[in-house]
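Here's the structure we're looking at; comments come further down.
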Amino acid sequence: MSRVRLLFSEAWSSIRMNISTTFAATMTVLIGMFLLGLFIALGTWVLSWSDHVKRELQVKVYFARTATHEQEAFVGRKLRADPRVKSVVFVSKEQAQQKMRRQFPELYRTPLPSNPLPDSWVVTPTKAEYTPEIGRYVRRAHWPGVNDVDWGDATAKRVLTIAEVISVIFLVAVVLLVVASTLLIANTIRLSIFARRREIEVMKLVGATNWFVRGPFMLEGLLCGLAGSVLAVILLVLGKAVALPSILPHLRSGSDVHALPFELNALALIGAGLLLGAAGSGLTLRRFLQV
């Protein structure tokens, strides 16, 4: 217990004697964690939106007007047997016409002599990446009665490419933010350690271990990281309460599109702040321990 009290007293003494560097380190953590939290919220929402768009990718198998029920059933069995297929739904030409009438009522202001829409199978793949594969497979199969196959080739390719680019950008940006925050915190804490380098040298010369010297500085970094990350969470709470209600009405997305829950985001930021504060202190102190 005496060592723990000594550790905390040394850390608190360092904080009081170096208010300016402590404040600078805390503000650095605050800015870094605020940007990280903002990007996590935005990035996870965009990833969720891309997953929502990918789930809407489907393959539509259209039949000729002369196709028989046996031919349509045969194609349905073949599609269900494919392990890449999640579900297969039959849409009759009457159902297709009803849907078209609801979506585009202006097209039916003039009565049509007959229903021009065909029967079709709507295929949902287990993974969005399988959409082009299934479409090309059905097209090459030349099953009897099949007139056309459509999977929005250009749209599907664009959606999958954008989703992949978003994932890579999100990962790279998070890594860059964490690295930049660590370097900024380390440079800020280095000022405090440099001012006390003589004290560190004396402690080492009288036999203090590396961890005995490192402990107060790492605890100081932990406290700065905790304070900065908590302040960043408070700013995010205020931003969520003020800005989010005016932004949400302009976002057109499905009910399954959402960002990472705020509670998990806050816990991640506090954990990252503590880790960065301790790591910044520990890494910076290494060169001053070589006495």
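Each chain of the structure tokens is named A, B, ... in the order shown, its residues numbered from 1; ligands are numbered from 1 in display order.
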
**OP:** Just the residues within 8 Å of A:Thr28, please, counting only C-alpha atoms, with nothing from its chain fewer than 4 positions along; format it as a PyMOL selection string.
**Re:** chain A and resi 24+32+181+184-185+228

Subject >> Those of stretch 81-156 of chain A in DSSP helix (DSSP H, G or I), formatted as a ChimeraX atom specification >> reply: /A:93-103,105-108,128-141,153-156

Restricted to N, CA and C atoms, what would the selected residues look like written as a short mmCIF file (atom, residue, chain, number, x, y, z; two decimals), in the first residue's frame?
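Final output, saved to out.cif:
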```cif
data_model
loop_
_atom_site.label_atom_id
_atom_site.label_comp_id
_atom_site.auth_asym_id
_atom_site.auth_seq_id
_atom_site.Cartn_x
_atom_site.Cartn_y
_atom_site.Cartn_z
N LYS A 93 -46.80 -12.82 -63.15
CA LYS A 93 -46.97 -11.59 -63.92
C LYS A 93 -48.08 -10.72 -63.34
N GLU A 94 -49.09 -11.34 -62.69
CA GLU A 94 -50.14 -10.55 -62.05
C GLU A 94 -49.58 -9.78 -60.85
N GLN A 95 -48.74 -10.45 -60.03
CA GLN A 95 -48.12 -9.76 -58.89
C GLN A 95 -47.19 -8.66 -59.37
N ALA A 96 -46.45 -8.92 -60.44
CA ALA A 96 -45.55 -7.90 -60.98
C ALA A 96 -46.33 -6.69 -61.46
N GLN A 97 -47.49 -6.93 -62.08
CA GLN A 97 -48.30 -5.82 -62.56
C GLN A 97 -48.87 -5.01 -61.41
N GLN A 98 -49.29 -5.67 -60.34
CA GLN A 98 -49.81 -4.95 -59.17
C GLN A 98 -48.72 -4.07 -58.54
N LYS A 99 -47.52 -4.62 -58.45
CA LYS A 99 -46.41 -3.84 -57.90
C LYS A 99 -46.09 -2.64 -58.79
N MET A 100 -46.07 -2.87 -60.10
CA MET A 100 -45.80 -1.79 -61.03
C MET A 100 -46.89 -0.72 -60.97
N ARG A 101 -48.13 -1.15 -60.78
CA ARG A 101 -49.23 -0.19 -60.70
C ARG A 101 -49.11 0.68 -59.46
N ARG A 102 -48.64 0.08 -58.34
CA ARG A 102 -48.46 0.87 -57.12
C ARG A 102 -47.30 1.85 -57.24
N GLN A 103 -46.23 1.41 -57.89
CA GLN A 103 -45.04 2.27 -57.99
C GLN A 103 -45.18 3.35 -59.05
N PRO A 105 -48.25 4.63 -60.96
CA PRO A 105 -49.68 4.68 -61.34
C PRO A 105 -49.94 5.47 -62.62
N GLU A 106 -49.04 6.39 -62.96
CA GLU A 106 -49.26 7.21 -64.16
C GLU A 106 -49.18 6.36 -65.43
N LEU A 107 -48.47 5.23 -65.37
CA LEU A 107 -48.36 4.38 -66.55
C LEU A 107 -49.66 3.65 -66.87
N TYR A 108 -50.56 3.58 -65.87
CA TYR A 108 -51.79 2.80 -66.06
C TYR A 108 -53.02 3.70 -66.16
N ALA A 128 -23.64 -10.96 -50.97
CA ALA A 128 -23.83 -10.05 -52.11
C ALA A 128 -22.81 -10.33 -53.21
N GLU A 129 -21.62 -10.79 -52.82
CA GLU A 129 -20.57 -11.05 -53.81
C GLU A 129 -20.95 -12.18 -54.77
N TYR A 130 -21.92 -13.02 -54.38
CA TYR A 130 -22.35 -14.12 -55.24
C TYR A 130 -23.32 -13.68 -56.34
N THR A 131 -23.82 -12.45 -56.25
CA THR A 131 -24.84 -12.01 -57.21
C THR A 131 -24.39 -12.14 -58.66
N PRO A 132 -23.23 -11.58 -59.05
CA PRO A 132 -22.81 -11.75 -60.46
C PRO A 132 -22.58 -13.21 -60.83
N GLU A 133 -22.03 -14.01 -59.89
CA GLU A 133 -21.77 -15.41 -60.19
C GLU A 133 -23.06 -16.16 -60.51
N ILE A 134 -24.09 -15.96 -59.68
CA ILE A 134 -25.37 -16.64 -59.90
C ILE A 134 -25.99 -16.18 -61.20
N GLY A 135 -25.95 -14.88 -61.47
CA GLY A 135 -26.52 -14.36 -62.70
C GLY A 135 -25.88 -14.96 -63.94
N ARG A 136 -24.55 -15.01 -63.95
CA ARG A 136 -23.86 -15.58 -65.11
C ARG A 136 -24.10 -17.09 -65.22
N TYR A 137 -24.20 -17.75 -64.06
CA TYR A 137 -24.47 -19.20 -64.07
C TYR A 137 -25.83 -19.50 -64.71
N VAL A 138 -26.86 -18.74 -64.31
CA VAL A 138 -28.20 -18.97 -64.87
C VAL A 138 -28.22 -18.64 -66.36
N ARG A 139 -27.51 -17.61 -66.74
CA ARG A 139 -27.49 -17.22 -68.16
C ARG A 139 -26.81 -18.30 -69.01
N ARG A 140 -25.75 -18.88 -68.48
CA ARG A 140 -25.04 -19.92 -69.24
C ARG A 140 -25.81 -21.24 -69.27
N ALA A 141 -26.69 -21.46 -68.28
CA ALA A 141 -27.39 -22.74 -68.18
C ALA A 141 -28.39 -22.95 -69.31
N ASP A 153 -25.85 -5.75 -63.51
CA ASP A 153 -24.43 -6.03 -63.52
C ASP A 153 -23.60 -4.80 -63.15
N ALA A 154 -23.84 -3.69 -63.81
CA ALA A 154 -23.05 -2.48 -63.54
C ALA A 154 -23.31 -1.96 -62.12
N THR A 155 -24.59 -1.97 -61.71
CA THR A 155 -24.93 -1.48 -60.37
C THR A 155 -24.32 -2.36 -59.29
N ALA A 156 -24.44 -3.69 -59.47
CA ALA A 156 -23.88 -4.63 -58.49
C ALA A 156 -22.37 -4.45 -58.36
#
```

Original post:
For A:Ser50, which residue among A:Ala227, A:Ile19, A:Met33, A:Ile166 is the nearest when counting only C-alpha atoms?
Top reply: A:Ile166

Subject >> Residue nearest A:Ser120 among A:Glu56, A:Asp148, A:Glu164, A:Asp82 (counting only C-alpha atoms) >> reply: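 Smallest distance to A:Ser120 is found for A:Asp148.
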
**OP:** Within 10 Å of A:Asn147, counting only C-alpha atoms, which residues show up once you throw out same-chain ones fewer than 6 positions away? Write them as a PyMOL selection string, please.
**Re:** chain A and resi 61-67+118+120+139

**OP:** Might you pull out every residue within 8 Å of A:Leu260, with only C-alpha atoms counted and same-chain residues fewer than 4 positions away left off, and present them as a list in words?
**Re:**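 My list of contacting residues is Ile40, Ala41, Thr44, Trp45, Leu264 and Asn265 of chain A.
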
Original post:
Rounded to one decimal in Å, what is the spacing between atom CA of A:Leu236 and atom CA of A:Gly221?
Top reply: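 That distance, rounded to one decimal, is 22.2 Å.
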
**OP:** Could you please determine the separation between atom CA of A:Thr22 and atom CA of A:Leu191 in Å, to one decimal place?
**Re:** 9.7 Å
